[in-house]
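Participant: Structure supplied as model.cif; contents: mmCIF, C-alpha atoms.
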data_my_file
loop_
_atom_site.label_atom_id
_atom_site.label_comp_id
_atom_site.auth_asym_id
_atom_site.auth_seq_id
_atom_site.Cartn_x
_atom_site.Cartn_y
_atom_site.Cartn_z
CA GLU A 1 -6.27 2.36 -36.02
CA PHE A 2 -8.66 3.72 -33.42
CA PHE A 3 -12.28 2.60 -33.25
CA VAL A 4 -15.02 2.95 -30.65
CA MET A 5 -17.95 0.54 -30.92
CA GLN A 6 -21.28 2.24 -31.55
CA LYS A 7 -22.77 1.31 -28.17
CA TYR A 8 -19.86 3.03 -26.34
CA ARG A 9 -19.83 6.24 -28.38
CA ARG A 10 -20.72 9.45 -26.58
CA SER A 11 -19.86 7.83 -23.23
CA GLY A 12 -16.42 9.43 -22.91
CA VAL A 13 -14.53 6.16 -23.35
CA GLY A 14 -13.02 7.25 -26.68
CA THR A 15 -11.75 10.53 -25.26
CA TRP A 16 -10.39 8.75 -22.19
CA ALA A 17 -8.59 6.13 -24.32
CA ALA A 18 -7.11 8.69 -26.70
CA HIS A 19 -5.84 10.87 -23.85
CA ARG A 20 -4.31 7.81 -22.15
CA LEU A 21 -2.50 6.90 -25.39
CA PHE A 22 -1.18 10.45 -25.76
CA ASP A 23 0.07 10.30 -22.15
CA MET A 24 1.62 6.85 -22.55
CA PHE A 25 3.46 7.55 -25.79
CA GLN A 26 5.04 10.96 -25.40
CA GLY A 27 6.32 12.60 -28.56
CA ASP A 28 5.20 14.00 -31.87
CA TRP A 29 1.79 12.87 -33.09
CA LYS A 30 0.01 12.81 -36.43
CA VAL A 31 -3.64 11.72 -36.37
CA SER A 32 -5.33 11.30 -39.76
CA GLN A 33 -8.87 10.71 -40.91
CA ILE A 34 -10.61 10.02 -44.19
CA ARG A 35 -11.98 13.30 -45.52
CA ALA A 36 -15.55 12.00 -45.90
CA ASN A 37 -15.72 10.62 -42.33
CA THR A 38 -17.22 13.69 -40.68
CA PRO A 39 -17.94 12.00 -37.31
CA ALA A 40 -14.27 10.94 -37.02
CA ARG A 41 -13.06 14.40 -37.98
CA ASN A 42 -15.33 16.01 -35.39
CA PHE A 43 -14.24 13.51 -32.72
CA TRP A 44 -10.53 14.08 -33.29
CA HIS A 45 -10.88 17.86 -33.41
CA ARG A 46 -12.69 17.76 -30.07
CA VAL A 47 -10.31 15.23 -28.44
CA ILE A 48 -7.04 16.73 -29.69
CA GLY A 49 -8.31 20.25 -29.08
CA SER A 50 -9.14 19.49 -25.46
CA TYR A 51 -5.86 17.62 -24.89
CA THR A 52 -3.67 20.33 -26.45
CA HIS A 53 -5.77 23.33 -25.41
CA GLY A 54 -6.12 24.07 -29.13
CA GLU A 55 -2.37 23.89 -29.81
CA PHE A 56 -2.31 21.68 -32.91
CA LYS A 57 -1.90 22.18 -36.63
CA GLU A 58 -4.10 20.65 -39.29
CA ARG A 59 -2.88 19.88 -42.78
CA PHE A 60 -4.54 18.22 -45.74
CA ASN A 61 -2.94 15.56 -47.94
CA PRO A 62 -2.55 17.19 -51.38
CA LYS A 63 -3.62 14.07 -53.32
CA GLN A 64 -6.52 12.59 -51.32
CA GLY A 65 -7.45 15.69 -49.33
CA ASN A 66 -7.50 13.74 -46.06
CA PRO A 67 -6.90 15.85 -42.94
CA SER A 68 -4.21 15.20 -40.34
CA GLN A 69 -3.69 16.90 -37.01
CA TYR A 70 -0.13 17.42 -35.77
CA PHE A 71 0.91 18.07 -32.19
CA SER A 72 3.53 17.18 -29.62
CA THR A 73 2.76 15.79 -26.19
CA LEU A 74 6.24 16.88 -25.12
CA SER A 75 5.46 20.58 -25.32
CA ILE A 76 1.98 20.10 -23.87
CA ASN A 77 3.21 18.28 -20.79
CA GLY A 78 6.19 20.58 -20.26
CA ILE A 79 8.86 18.06 -21.25
CA LYS A 80 11.90 19.49 -23.02
CA LYS A 81 13.05 17.70 -26.15
#
Show me the file's structure as structure tokens.
Facilitator:
Amino acid sequence: EFFVMQKYRRSGVGTWAAHRLFDMFQGDWKVSQIRANTPARNFWHRVIGSYTHGEFKERFNPKQGNPSQYFSTLSINGIKK
């Protein structure tokens, strides 16, 4: 779960925290949102896109239609698996 309180949104703290987590826990990532939560979808597209330089895949759950973004911090940070 990842949540930024309303009063801290648009301050950069969410992006900073997400990027720190990606750096701390190197590996393959899947980040999912509820389809109807447009602000969350926009946030994650922006944050993951900036972290990966656009190198992520998005897939939708066939039953619920919820989106998930897939990427690896290992390839982004030049670490060989």
Participant: Which distance in Å separates atom CA of A:Lys57 and atom CA of A:Met5, to one decimal?
Facilitator: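 According to the coordinates, atom CA of A:Lys57 and atom CA of A:Met5 are separated by 27.5 Å.
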Participant: Distance atom CA of A:Asp28-atom CA of A:Val13, one decimal place?
Facilitator: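 The value is 22.9 Å.
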Participant: Give me the residues near A:Ile76 as a PyMOL selection string, where near means some atom within 9 Å (using only C-alpha atoms) and where sequence neighbours in that chain fewer than 4 positions away do not count.
Facilitator: chain A and resi 51-53+55+71-72
Participant: Report as a compact mmCIF listing (two decimals) with C-alpha atoms, in the coordinates of the input the residues that result from applying the PyMOL selection byres ((chain A and resi 4) around 12) to the structure here.
Facilitator:
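Just written: result-v7.txt:
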# COMPACT_ATOMS: atom_id res chain seq x y z
CA GLU A 1 -6.27 2.36 -36.02
CA PHE A 2 -8.66 3.72 -33.42
CA PHE A 3 -12.28 2.60 -33.25
CA MET A 5 -17.95 0.54 -30.92
CA GLN A 6 -21.28 2.24 -31.55
CA LYS A 7 -22.77 1.31 -28.17
CA TYR A 8 -19.86 3.03 -26.34
CA ARG A 9 -19.83 6.24 -28.38
CA ARG A 10 -20.72 9.45 -26.58
CA SER A 11 -19.86 7.83 -23.23
CA GLY A 12 -16.42 9.43 -22.91
CA VAL A 13 -14.53 6.16 -23.35
CA GLY A 14 -13.02 7.25 -26.68
CA THR A 15 -11.75 10.53 -25.26
CA TRP A 16 -10.39 8.75 -22.19
CA ALA A 17 -8.59 6.13 -24.32
CA ALA A 18 -7.11 8.69 -26.70
CA PRO A 39 -17.94 12.00 -37.31
CA ALA A 40 -14.27 10.94 -37.02
CA PHE A 43 -14.24 13.51 -32.72
Participant: Of the candidates A:Phe60, A:Asn42, A:Asn37, A:Thr73, which shows the shortest atom-to-atom distance to A:Phe25, using all atoms listed in the file?
Facilitator: A:Thr73
Participant: Of the candidates A:Ile34, A:His19, A:Trp44, A:Gly49, which shows the shortest atom-to-atom distance to A:Gly65, using only C-alpha atoms?
Facilitator: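 Under the stated criterion, the closest residue is A:Ile34.
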Participant: Give me the residues near A:Ser68 as a list of chain:residue names, where near means some atom within 12 Å (using all atoms listed in the file) and where sequence neighbours in that chain fewer than 4 positions away do not count.
Facilitator: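 Once the nearby chain positions are removed, what remains is A:Trp29, A:Lys30, A:Val31, A:Ser32, A:Gln33, A:Ile34, A:Arg35, A:Ala40, A:Arg41, A:Trp44, A:His45, A:Ile48, A:Phe56, A:Lys57, A:Glu58, A:Arg59, A:Phe60, A:Asn61, A:Pro62, A:Gln64.
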